[in-house]
Each structure stands twice: as structure tokens, then as C-alpha cells.
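A.B. asks: First the structure, then my questions, so here it is.
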Amino acid sequence: MAVGCVLLTGASAGSAAAAQAPVGLGTAASFAILAGSAVTNTGPSTINGDLGVTPSATVTGFPPATVNGTVHAADAVAAQAQADLTVAYDDAAGRLPPEAVPADLGGMTLTPGVYRAAAGLGLTGALTLDALGDPDAVFVLQAPSTLITASDSRMTLINGAQPCNVFWQVGSSATLGTSSQFSGNILADTSISMNDSVVLAGRALARNGAVTLINDTITAPHCTTPTAGTSTTGPTTAPAGGAAPAPTGTPAGTTTADSITARGKTGAGPSAGNAAAGAGTARLSPVVPAIAMLVRQRGLTTCIRRGFAVAVTGRFIRRVTFTVGGKRVATRTHSPFQAIITQPGGMRTVRAHVLFSDGTAARTLSWRYRSCLAAAGTAQRRVGSPSRRPTGNGGFTG
Amino acid sequence: MGTADNRRPSARRIARVAAWFGAGVLLAPGAAAAAAAPGVSVIAPRQELVVLLGPHTVHRAPTAGAPTVAVVSAARPLTGERTTLPVLGQHTDSLGRPWLQVRLPGRTLTGRRPPSTGWITTTATRRARTDWHILVTIDDRRVRVYRRGRLLRTYRAIVGAPTTPTPRGDYFVEENLRLPGTRRGAPYALALNARSRVFQTFDGGPGQIALHGQGNLGGKLGTASSHGCVRLTAPAITWLAARTRPGVPVTIE
């Protein structure tokens with residue numbers, strides 16, 4: 001704990017460095033508000049996204065509040081969203097390795113990773129989340145008990161950080177102070193209370209208790225691929241002048257991955273990550289866009305049932321070595337730099353070690369997903385008949 | 001019930017099959033020599049396949065600038081099964097990109113006589129192979145099933161009538177369907193990429209040829225009385241369907 005305080009106080013940047021996959025919200029992703037017992041509003045709040053409550057069906061104060069979405073009260077959609085929220089909550093609570101943070105995050109700058117407080121988390125003043133130029137960077141903040149923000153507290157998201165990739169796991173209840181501007185998905189075990197004029201770029205998702213609003217604005221975020229070097233202050237997107245020295249656009253020599261679970265890691269050596277070392281670029285992604293989309297939208301709560309191809313694209317690529325779980329899958333020395341991934345069920349990380357021909361430092365890209373592919377032996381044999389029932393019309397010549 | 005009879009492919013059949021596999025498919029050791037010698041089984045022991053993981057543009061030649069002859073989707077239209085195509089040859093272009101010459105599906109392509117082969121890149125593909133082969137002989141109205149080049153079963157069948165003949169040629173199994181009991185051809189159908197040369201449409205389909213059962217159709221085994229498809233008894237097609245996956249080559253002669 002003491003070490004964490006030393007590292008993270010003041011304006012220094014803390015880093016819980018392990019690359020994290022996003023917390024998959026499943027069907028809860030369409031909800032700006034989800035509650036277990038009630039949703040209660042006072043004043044003209046604005047909700048941009050769906051509103052749901054289950055098993056209770058109590059929704060009060062709408063109007064005067066406005067919901068730019070669908071209200072699901074004790075219906076199957078809300079029930080499914082609550083079920084998905086439970087999975088997401090457990091996922092967020094179990095993320096490792098957490099780095100200790102003090103009870104008050106005010107004045108800190110955090111880089112992507114997992115952070116945990118000893119008990120409750122609080123925010124007085126400003127908190128900065130720095131994605132280091134990776135728009136897919138994920139921040140998981142674990143509060144074993146409460147999350148409480150002071151009045152007029154702020155969050156600033158810089159260098160590509162996005163509210164959609166910020167997850168607050170709250171062991172009991174969250175309270176956002178008057179006029180605070182907050183970002184991220186709040187996954188609370190009990191309740192969420194928002195005082196007057198709170199602006200939340202995120203989601204208020206309460207498993208068992210109520211969500212209470214007073215003249216607030218909640219906007220369920222959707223991930224985009226912003227340009228590195230921009231920043232988001234509070235719940236609204238705006239350039240943060242001088243907040244980050246990152247260049248505009250994708251810097252030469254950087255390595256990106258086209259997935260919400262992807263991470264680019266610099267290779268070993270002091271020159272790794274030096275944009276001036278060369279103009280090589282590389283990007284790791286599944287060949288079939290639907291797979292990338294699936295993981296991007298649902299994270300690791302869904303699994304991929306079939307083998308699929310991944311490819312590295314970019315400039316000045318000389319050789320790519322693909323590994324899964326430390327086992328080499330393929331080495332490619334010419335385009336297309338791709339490999340077929342058929343590893344059986346479980347959490348898997350595809351890594352691509354990329355060498356460049358122009359002197360750019362080597363990079364290792366990774367892409368994490370969950371597989372539910374049958375083990376190789378059973379996949380080859382495919383238990384049962386290979387016949388399938390027709391889903392389309394049309395017969396044969398007889 | 002099928003039996004492993006003593007009949008062997010003719011010299012003409014041998015030449016046809018050998019020519020098919022000459023474009024890159026593995027031949028059994030000594031198969032080329034055996035091809036000229038009647039009385040020796042020369043069905044190749046295996047067929048290289050490619051499974052499409054995404055839609056593919058098919059080119060007439062193995063270069064990106066060659067004319068496009070078709071676009072093949074990653075899933076088959078009747079079952080949604082992944083598209084699996086026999087590989088006839090390989091080529092690496094001047095940019096170092098590998099290409100595969102493949103046999104093309106027939107159902108989703110346009111035109112009365114769509115192209116039967118073409119070239120695709122290896123992007124978004126997975127390689128596979130099969131050691132099964134089905135040989136339909138119209139003259140003696142029999143279906144022979146081979147595995148690893150060895151004859152396993154011979155079944156009597158009903159083939160196309162003279163006015164609606166079963167088209168001869170080299171084809172493959174596109175889809176393996178388990179048909180409801182009310183459907184014609186139940187209980188199973190192995191849909192081929194072959195199309196009737198008489199019917200452009202039939203029973204709601206594009207005149208697609210299949211090996212299937214006799215359900216709701218009937219007919220007498222050993223006759224040429226179908227509309228072009230190859231009908232087998234229920235036990236025969238059941239045995240065959242349990243072992244045949246998409247991509248298995250089918251020779252009709």
C-alpha cells in the first residue's frame with residue numbers, strides 16, 4: 001500500500017502494467033442505467049441509452065426525466081442484462097494483477113491497468129487516465145466497498161482513453177457528488193446515487209439496489225478509435241491543450257492492434273518504442289471483421305467457436321512469428337502475414353512478434369479472446385454425424 | 001447393402017481421375033504408372049482442401065490483376081456450413097503471394113454454365129484434406145466409395161433418365177444435409193456443385209445435383225429414371241452421409 005502511494009501521488013503516472021481486455025458487458029452495454037430494485041429520478045435528467053430495472057419494476061420520475069432509449073421494467077431484456085452484469089461484475093472484480101491505490105484518487109494520473117483500493121475509493125479534485133496513445137487501453141478500478149466523489153470533481157481522459165474502456169467495480173454503493181463530471185462504467189453491487197447536476201459519460205449499473213438521479217445527464221459511451229494525442233476531459237470530448245505531448249496521428253513505428261482486447265508491447269531494448277527508429281508499422285487483427293467486432297462489443301464474455309485467421313498488416317514488415325500460449329503457430333516472411341488460430345477452449349492470447357526491415361524496433365502485438373473451440377482431437381473427429389439440417393430453401397433435381 | 005466387389009475402374013476412368021489430381025493433389029506412390037494399367041485401383045489416397053474463412057474473389061489466373069470470375073461466400077446456402085473447396089493447384093506470384101486453384105461451388109454462381117475452377121489467395125483460408133472419394137458410374141448405375149484409394153463400398157443406384165441425364169464430370173460435395181422425412185430425397189443428401197444440364201430450376205433450387213435417398217421418390221435401383229440426381233437406398237445414403245464431409249471429391253462418369 002505504501003509503495004502504491006509513493007508511486008501514484010501527485011502528478012506522477014502510475015501503471016498497473018498488465019494489458020487488460022475490456023470487461024464485456026454483454027447485453028448490459030445498451031443500458032445507461034440498470035438497477036435491481038428501483039430507478040428514481042428528480043428533475044429533468046437526461047438519459048442517453050436504455051433504462052432497465054429488474055426484478056422490481058419501479059421507475060419513478062420519468063418524466064420529467066427524458067430517456068433517449070428504451071425503458072425495460074422487469075422484462076426479459078432487463079433480466080438478461082442483469083445476468084450479463086453479474087458476469088461483468090465478477091470479471092471486473094477478479095481482474096489481476098491489481099496495483100494498490102490510495103483511497104482518494106484526486107490529483108493522480110493513471111495508465112492502463114487494474115487498480116484496487118484497500119477499502120473505498122474516493123475522488124476529490126481531478127483524476128487523469130492516460131491511455132498512452134492506445135484507444136483500446138482498459139482501466140479497471142476496484143473499490144471493495146464504496147465509491148464516493150466530491151462535489152465538482154473531474155476526470156480527464158487523455159491520449160486516447162475512452163469512457164467505454166473504464167470500469168469501476170464497486171463492492172457496495174457509489175455516490176457521485178454534486179456537479180461532478182465522471183467517466184466510465186460503474187458496476188455496483190448495491191446502489192448508485194447521483195447528486196444534483198452530475199454528468200456521467202458512462203453507465204450506472206447496479207446489481208441489486210437502486211439508481212437515484214437528481215437532474216443528471218448520463219450518456220452510455222460507445223468506443224471509437226480516436227487519434228492518439230487527443231484527450232477527453234470529464235464526460236465531454238475536448239482537446240486538452242498541452243495535456244499530453246503525444247504527436248497527432250499514429251506515430252511512426254508504433255504498433256497497434258485492431259481489437260478491444262489487443263495490446264501493442266514494445267520489444268526489448270532501449271530503442272523499443274522510439275518512433276524515430278523507423279517507419280515500420282504493424283497491426284494485429286482477425287481477418288474476418290465480424291470476429292474483431294464480436295470481441296470488441298462483448299469482450300471476453302462471449303467465446304469464439306471456430307478457428308479463425310489473424311493477420312498482421314502494416315509497413316516494412318520483414319517477419320512475423322505468431323504464438324498462442326507460448327507455442328509457435330506460424331512464422332511468415334512474406335505477405336500475407338497471417339496464421340490460423342485453432343486453439344481449444346479457454347482464455348487465449350495470440351501474440352505476433354514483428355520484425356521490420358527498416359530498422360524499426362521489433363514489436364510484440366497481442367490479442368486476447370476466449371475460445372470455446374473443441375479440443376483438437378474431438379474437433380477432428382467431430383462427434384456425431386457431419387450432416388446438417390437445411391436452413392435454406394430449394395431442393396434437388398430428384 | 002454395399003459390397004466391395006471386384007470391378008475396377010476402366011482405363012478411361014483411370015485417365016480421367018489421374019488428370020484431375022495432376023494439378024497438385026497428392027498421388028499415391030506409383031499411381032501415375034498404375035494409371036496406364038487397367039485393373040489397378042488409382043483413386044488418389046487423398047484430396048487437398050481449402051476451407052474459406054471469409055468471402056473470396058475468384059480470379060481467372062493467379063494474379064491480382066486477372067479478371068474476376070466469381071465471388072464465393074464463406075458459408076454454403078443450404079446449411080450454413082463453411083465453404084470447403086478441393087485444391088487443384090498452387091502458385092506463388094511475383095509478389096510472393098501464394099494462390100490456390102480451386103474447384104468452385106455451383107449453386108451460388110450465376111449463369112447456366114458457371115466456371116468450374118478459379119484461383120483464390122490464401123488469405124482467410126484454412127487447409128484441410130480428405131481421404132474419401134466417391135465414384136458414380138452411370139453405365140453400371142453404381143456408386144463406389146473409396147477411402148485412401150481403397151474401395152470400401154459399392155452401392156446400386158438410380159441415375160438420371162436419358163432425357164434428364166446425370167452430368168458427367170469431376171465435382172465435389174458442397175453440403176451434407178439431413179433431410180426431414182417429408183422432403184424428397186430423405187433421409188440424407190450430399191449436395192454437389194454439379195448442375196443439371198436440362199433443368200435450370202427444379203423444386204425451388206437451381207437444378208442442383210445431389211446424391212440422396214429415395215424418400216418420397218421411390219424408383220427401382222439399377223435404372224436410369226431420375227431427373228438427374230443419384231438416388232441411393234436409405235441405408236446406403238445414411239452410411240455415406242455419416243462419413244462424408246464437404247469437399248469430398250465426386251467423379252461422375
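Each chain in the C-alpha cells gets a letter, A, B, ..., in the order shown, and its residues are numbered from 1; ligands are numbered from 1 in order too.
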Output as a PDB file with N, CA and C atoms, in the first residue's frame the set of chain B residues within 6 Å of chain A, with distances taken over only C-alpha atoms.

C.D. replies:
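Wrote part-v7.pdb, looks like this:
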```
ATOM      1  N   LEU B  78     -27.410 -23.725 -48.053  1.00  0.00           N
ATOM      2  CA  LEU B  78     -28.468 -24.576 -47.506  1.00  0.00           C
ATOM      3  C   LEU B  78     -28.295 -24.870 -46.027  1.00  0.00           C
ATOM      4  N   THR B  79     -27.071 -25.041 -45.603  1.00  0.00           N
ATOM      5  CA  THR B  79     -26.832 -25.416 -44.207  1.00  0.00           C
ATOM      6  C   THR B  79     -26.041 -24.378 -43.441  1.00  0.00           C
ATOM      7  N   ALA B 124      -7.370 -15.693 -45.348  1.00  0.00           N
ATOM      8  CA  ALA B 124      -8.608 -16.150 -44.715  1.00  0.00           C
ATOM      9  C   ALA B 124      -9.009 -17.535 -45.196  1.00  0.00           C
ATOM     10  N   ASN B 176     -23.631 -31.412 -46.781  1.00  0.00           N
ATOM     11  CA  ASN B 176     -24.169 -32.682 -46.327  1.00  0.00           C
ATOM     12  C   ASN B 176     -25.428 -32.386 -45.518  1.00  0.00           C
ATOM     13  N   LEU B 177     -26.582 -32.769 -46.050  1.00  0.00           N
ATOM     14  CA  LEU B 177     -27.851 -32.373 -45.441  1.00  0.00           C
ATOM     15  C   LEU B 177     -28.579 -33.561 -44.829  1.00  0.00           C
ATOM     16  N   ARG B 178     -29.114 -33.324 -43.662  1.00  0.00           N
ATOM     17  CA  ARG B 178     -30.020 -34.284 -43.033  1.00  0.00           C
ATOM     18  C   ARG B 178     -31.431 -33.785 -43.297  1.00  0.00           C
ATOM     19  N   PHE B 202     -35.319 -26.441 -60.362  1.00  0.00           N
ATOM     20  CA  PHE B 202     -36.052 -27.667 -60.063  1.00  0.00           C
ATOM     21  C   PHE B 202     -36.337 -27.691 -58.576  1.00  0.00           C
ATOM     22  N   ASP B 203     -37.602 -27.868 -58.215  1.00  0.00           N
ATOM     23  CA  ASP B 203     -38.003 -27.979 -56.817  1.00  0.00           C
ATOM     24  C   ASP B 203     -37.494 -26.797 -55.987  1.00  0.00           C
ATOM     25  N   GLY B 204     -37.521 -25.632 -56.577  1.00  0.00           N
ATOM     26  CA  GLY B 204     -37.097 -24.437 -55.852  1.00  0.00           C
ATOM     27  C   GLY B 204     -35.609 -24.201 -55.841  1.00  0.00           C
ATOM     28  N   GLY B 205     -34.849 -25.124 -56.428  1.00  0.00           N
ATOM     29  CA  GLY B 205     -33.394 -24.961 -56.474  1.00  0.00           C
ATOM     30  C   GLY B 205     -32.930 -24.752 -57.895  1.00  0.00           C
ATOM     31  N   GLY B 207     -31.503 -26.535 -60.055  1.00  0.00           N
ATOM     32  CA  GLY B 207     -31.167 -27.762 -60.777  1.00  0.00           C
ATOM     33  C   GLY B 207     -29.915 -28.422 -60.239  1.00  0.00           C
ATOM     34  N   GLN B 208     -29.765 -28.354 -58.939  1.00  0.00           N
ATOM     35  CA  GLN B 208     -28.553 -28.884 -58.321  1.00  0.00           C
ATOM     36  C   GLN B 208     -28.607 -30.404 -58.237  1.00  0.00           C
ATOM     37  N   ILE B 209     -27.499 -31.010 -58.544  1.00  0.00           N
ATOM     38  CA  ILE B 209     -27.387 -32.464 -58.499  1.00  0.00           C
ATOM     39  C   ILE B 209     -26.940 -32.889 -57.112  1.00  0.00           C
ATOM     40  N   HIS B 227     -34.354 -37.549 -62.279  1.00  0.00           N
ATOM     41  CA  HIS B 227     -34.291 -36.279 -63.002  1.00  0.00           C
ATOM     42  C   HIS B 227     -32.864 -35.760 -63.140  1.00  0.00           C
ATOM     43  N   GLY B 228     -31.921 -36.543 -62.690  1.00  0.00           N
ATOM     44  CA  GLY B 228     -30.519 -36.155 -62.790  1.00  0.00           C
ATOM     45  C   GLY B 228     -29.742 -36.482 -61.529  1.00  0.00           C
ATOM     46  N   CYS B 229     -30.425 -36.506 -60.407  1.00  0.00           N
ATOM     47  CA  CYS B 229     -29.745 -36.850 -59.158  1.00  0.00           C
ATOM     48  C   CYS B 229     -29.450 -38.347 -59.103  1.00  0.00           C
ATOM     49  N   ALA B 242     -22.813 -40.317 -43.114  1.00  0.00           N
ATOM     50  CA  ALA B 242     -22.137 -40.315 -41.821  1.00  0.00           C
ATOM     51  C   ALA B 242     -20.635 -40.154 -41.969  1.00  0.00           C
TER      52      ALA B 242
END
```

A.B. asks: Quick one: pick out all strand (DSSP E or B) residues within segment 24-175 of chain B from a backbone DSSP run and write them as a ChimeraX atom specification.

C.D. replies: /B:47-52,56-59,68-72,75,82,84-92,98-103,117-121,125-130,132-137,142-147,150-156,158-160,169-175

A.B. asks: Given only C-alpha atoms as the basis, pick out the residue of A:Ser151, A:Asn208, A:Thr281, A:Asn159 nearest to Pro135 of chain A.

C.D. replies: A:Asn159

A.B. asks: Would you kindly return, as a PDB file with N, CA, C and O atoms, in the first residue's frame, each protein, DNA or RNA residue with an atom no farther than 6 Å from any atom of segment 345-361 of chain A, considering only C-alpha atoms and excluding same-chain residues fewer than 2 positions away?

C.D. replies:
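Wrote out09.pdb, looks like this:
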```pdb
ATOM      1  N   ALA A 272      13.258   0.377 -28.211  1.00  0.00           N
ATOM      2  CA  ALA A 272      11.877  -0.037 -28.407  1.00  0.00           C
ATOM      3  C   ALA A 272      10.939   1.116 -28.123  1.00  0.00           C
ATOM      4  O   ALA A 272      11.062   1.809 -27.128  1.00  0.00           O
ATOM      5  N   ALA A 277      13.060   5.561 -34.739  1.00  0.00           N
ATOM      6  CA  ALA A 277      13.916   4.465 -35.160  1.00  0.00           C
ATOM      7  C   ALA A 277      13.567   3.965 -36.547  1.00  0.00           C
ATOM      8  O   ALA A 277      14.396   3.383 -37.232  1.00  0.00           O
ATOM      9  N   GLY A 278      12.372   4.132 -37.018  1.00  0.00           N
ATOM     10  CA  GLY A 278      11.987   3.659 -38.330  1.00  0.00           C
ATOM     11  C   GLY A 278      10.547   3.987 -38.604  1.00  0.00           C
ATOM     12  O   GLY A 278       9.860   4.556 -37.761  1.00  0.00           O
ATOM     13  N   GLY A 280       8.335   1.632 -39.710  1.00  0.00           N
ATOM     14  CA  GLY A 280       7.549   0.412 -39.756  1.00  0.00           C
ATOM     15  C   GLY A 280       6.318   0.499 -38.870  1.00  0.00           C
ATOM     16  O   GLY A 280       6.354   1.084 -37.789  1.00  0.00           O
ATOM     17  N   PHE A 316       6.812  -2.124 -43.863  1.00  0.00           N
ATOM     18  CA  PHE A 316       8.194  -2.540 -43.614  1.00  0.00           C
ATOM     19  C   PHE A 316       8.266  -3.763 -42.713  1.00  0.00           C
ATOM     20  O   PHE A 316       9.168  -3.896 -41.901  1.00  0.00           O
ATOM     21  N   ILE A 317       7.310  -4.631 -42.841  1.00  0.00           N
ATOM     22  CA  ILE A 317       7.323  -5.856 -42.038  1.00  0.00           C
ATOM     23  C   ILE A 317       8.215  -6.882 -42.733  1.00  0.00           C
ATOM     24  O   ILE A 317       8.073  -7.140 -43.924  1.00  0.00           O
ATOM     25  N   ARG A 318       9.120  -7.432 -41.965  1.00  0.00           N
ATOM     26  CA  ARG A 318      10.037  -8.429 -42.523  1.00  0.00           C
ATOM     27  C   ARG A 318       9.644  -9.840 -42.114  1.00  0.00           C
ATOM     28  O   ARG A 318       9.667 -10.756 -42.921  1.00  0.00           O
ATOM     29  N   ARG A 319       9.296 -10.011 -40.882  1.00  0.00           N
ATOM     30  CA  ARG A 319       8.925 -11.351 -40.425  1.00  0.00           C
ATOM     31  C   ARG A 319       7.968 -11.246 -39.248  1.00  0.00           C
ATOM     32  O   ARG A 319       8.107 -10.362 -38.399  1.00  0.00           O
ATOM     33  N   VAL A 320       7.029 -12.160 -39.210  1.00  0.00           N
ATOM     34  CA  VAL A 320       6.070 -12.206 -38.105  1.00  0.00           C
ATOM     35  C   VAL A 320       6.027 -13.636 -37.572  1.00  0.00           C
ATOM     36  O   VAL A 320       5.894 -14.586 -38.341  1.00  0.00           O
ATOM     37  N   THR A 321       6.179 -13.744 -36.280  1.00  0.00           N
ATOM     38  CA  THR A 321       6.055 -15.048 -35.633  1.00  0.00           C
ATOM     39  C   THR A 321       4.825 -15.018 -34.731  1.00  0.00           C
ATOM     40  O   THR A 321       4.720 -14.184 -33.828  1.00  0.00           O
ATOM     41  N   PHE A 322       3.910 -15.921 -35.007  1.00  0.00           N
ATOM     42  CA  PHE A 322       2.668 -15.995 -34.239  1.00  0.00           C
ATOM     43  C   PHE A 322       2.807 -17.082 -33.167  1.00  0.00           C
ATOM     44  O   PHE A 322       3.265 -18.191 -33.461  1.00  0.00           O
ATOM     45  N   THR A 323       2.399 -16.761 -31.972  1.00  0.00           N
ATOM     46  CA  THR A 323       2.362 -17.749 -30.897  1.00  0.00           C
ATOM     47  C   THR A 323       1.034 -17.638 -30.163  1.00  0.00           C
ATOM     48  O   THR A 323       0.425 -16.575 -30.105  1.00  0.00           O
ATOM     49  N   VAL A 324       0.638 -18.765 -29.624  1.00  0.00           N
ATOM     50  CA  VAL A 324      -0.543 -18.796 -28.759  1.00  0.00           C
ATOM     51  C   VAL A 324      -0.166 -19.591 -27.529  1.00  0.00           C
ATOM     52  O   VAL A 324       0.246 -20.743 -27.632  1.00  0.00           O
ATOM     53  N   ARG A 363       8.452  -5.427 -32.443  1.00  0.00           N
ATOM     54  CA  ARG A 363       7.264  -5.243 -31.618  1.00  0.00           C
ATOM     55  C   ARG A 363       6.621  -6.599 -31.349  1.00  0.00           C
ATOM     56  O   ARG A 363       6.721  -7.509 -32.160  1.00  0.00           O
ATOM     57  N   THR A 364       5.955  -6.678 -30.232  1.00  0.00           N
ATOM     58  CA  THR A 364       5.119  -7.840 -29.962  1.00  0.00           C
ATOM     59  C   THR A 364       3.697  -7.355 -29.743  1.00  0.00           C
ATOM     60  O   THR A 364       3.437  -6.571 -28.829  1.00  0.00           O
ATOM     61  N   LEU A 365       2.828  -7.807 -30.612  1.00  0.00           N
ATOM     62  CA  LEU A 365       1.414  -7.456 -30.504  1.00  0.00           C
ATOM     63  C   LEU A 365       0.679  -8.613 -29.852  1.00  0.00           C
ATOM     64  O   LEU A 365       1.101  -9.765 -29.971  1.00  0.00           O
ATOM     65  N   SER A 366      -0.386  -8.329 -29.197  1.00  0.00           N
ATOM     66  CA  SER A 366      -1.175  -9.415 -28.626  1.00  0.00           C
ATOM     67  C   SER A 366      -2.656  -9.119 -28.784  1.00  0.00           C
ATOM     68  O   SER A 366      -3.073  -7.965 -28.879  1.00  0.00           O
ATOM     69  N   TRP A 367      -3.394 -10.182 -28.820  1.00  0.00           N
ATOM     70  CA  TRP A 367      -4.849 -10.088 -28.977  1.00  0.00           C
ATOM     71  C   TRP A 367      -5.470 -11.204 -28.159  1.00  0.00           C
ATOM     72  O   TRP A 367      -5.174 -12.373 -28.356  1.00  0.00           O
ATOM     73  N   ARG A 368      -6.311 -10.823 -27.214  1.00  0.00           N
ATOM     74  CA  ARG A 368      -6.844 -11.783 -26.263  1.00  0.00           C
ATOM     75  C   ARG A 368      -8.292 -12.091 -26.584  1.00  0.00           C
ATOM     76  O   ARG A 368      -9.067 -11.199 -26.950  1.00  0.00           O
ATOM     77  N   TYR A 369      -8.656 -13.338 -26.426  1.00  0.00           N
ATOM     78  CA  TYR A 369     -10.028 -13.721 -26.698  1.00  0.00           C
ATOM     79  C   TYR A 369     -10.337 -14.990 -25.904  1.00  0.00           C
ATOM     80  O   TYR A 369      -9.450 -15.591 -25.296  1.00  0.00           O
ATOM     81  N   ARG A 370     -11.576 -15.362 -25.916  1.00  0.00           N
ATOM     82  CA  ARG A 370     -11.979 -16.602 -25.244  1.00  0.00           C
ATOM     83  C   ARG A 370     -12.444 -17.590 -26.299  1.00  0.00           C
ATOM     84  O   ARG A 370     -13.292 -17.272 -27.136  1.00  0.00           O
ATOM     85  N   SER A 371     -11.881 -18.770 -26.227  1.00  0.00           N
ATOM     86  CA  SER A 371     -12.205 -19.795 -27.208  1.00  0.00           C
ATOM     87  C   SER A 371     -13.115 -20.840 -26.586  1.00  0.00           C
ATOM     88  O   SER A 371     -12.954 -21.209 -25.430  1.00  0.00           O
ATOM     89  N   CYS A 372     -14.073 -21.303 -27.347  1.00  0.00           N
ATOM     90  CA  CYS A 372     -14.839 -22.471 -26.919  1.00  0.00           C
ATOM     91  C   CYS A 372     -14.785 -23.523 -28.011  1.00  0.00           C
ATOM     92  O   CYS A 372     -15.707 -24.305 -28.196  1.00  0.00           O
ATOM     93  N   LEU A 373     -13.685 -23.491 -28.728  1.00  0.00           N
ATOM     94  CA  LEU A 373     -13.453 -24.499 -29.747  1.00  0.00           C
ATOM     95  C   LEU A 373     -13.161 -25.822 -29.060  1.00  0.00           C
ATOM     96  O   LEU A 373     -12.476 -25.859 -28.041  1.00  0.00           O
TER      97      LEU A 373
END
```

A.B. asks: Excluding segment 113-118 of chain A and residues on its chain fewer than 2 positions from it, collect all residues at most 9 Å away from it, counting only C-alpha atoms, and give them as a ChimeraX atom specification.

C.D. replies: /A:1,15-20,95-104,110-111,120-121,137-145

A.B. asks: How many Å lie between atom CA of Ser116 of chain B and atom CA of Val50 of chain B, rounded to one decimal?

C.D. replies: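 A separation of 15.6 Å between them.
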
A.B. asks: Give me, as a count of residues only, all polymer residues having an atom no more than 12 Å from Val145 of chain B, counting only C-alpha atoms and skipping those fewer than 5 positions away in the same chain.

C.D. replies: 30

A.B. asks: Which residues are close to Trp168 of chain A, i.e. within 6 Å by only C-alpha atoms, leaving aside same-chain residues fewer than 6 positions away? Reply as a list in words.

C.D. replies: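 Using only C-alpha atoms, the neighbours found are Leu141, Asn185, Ile186 and Leu187 of chain A.
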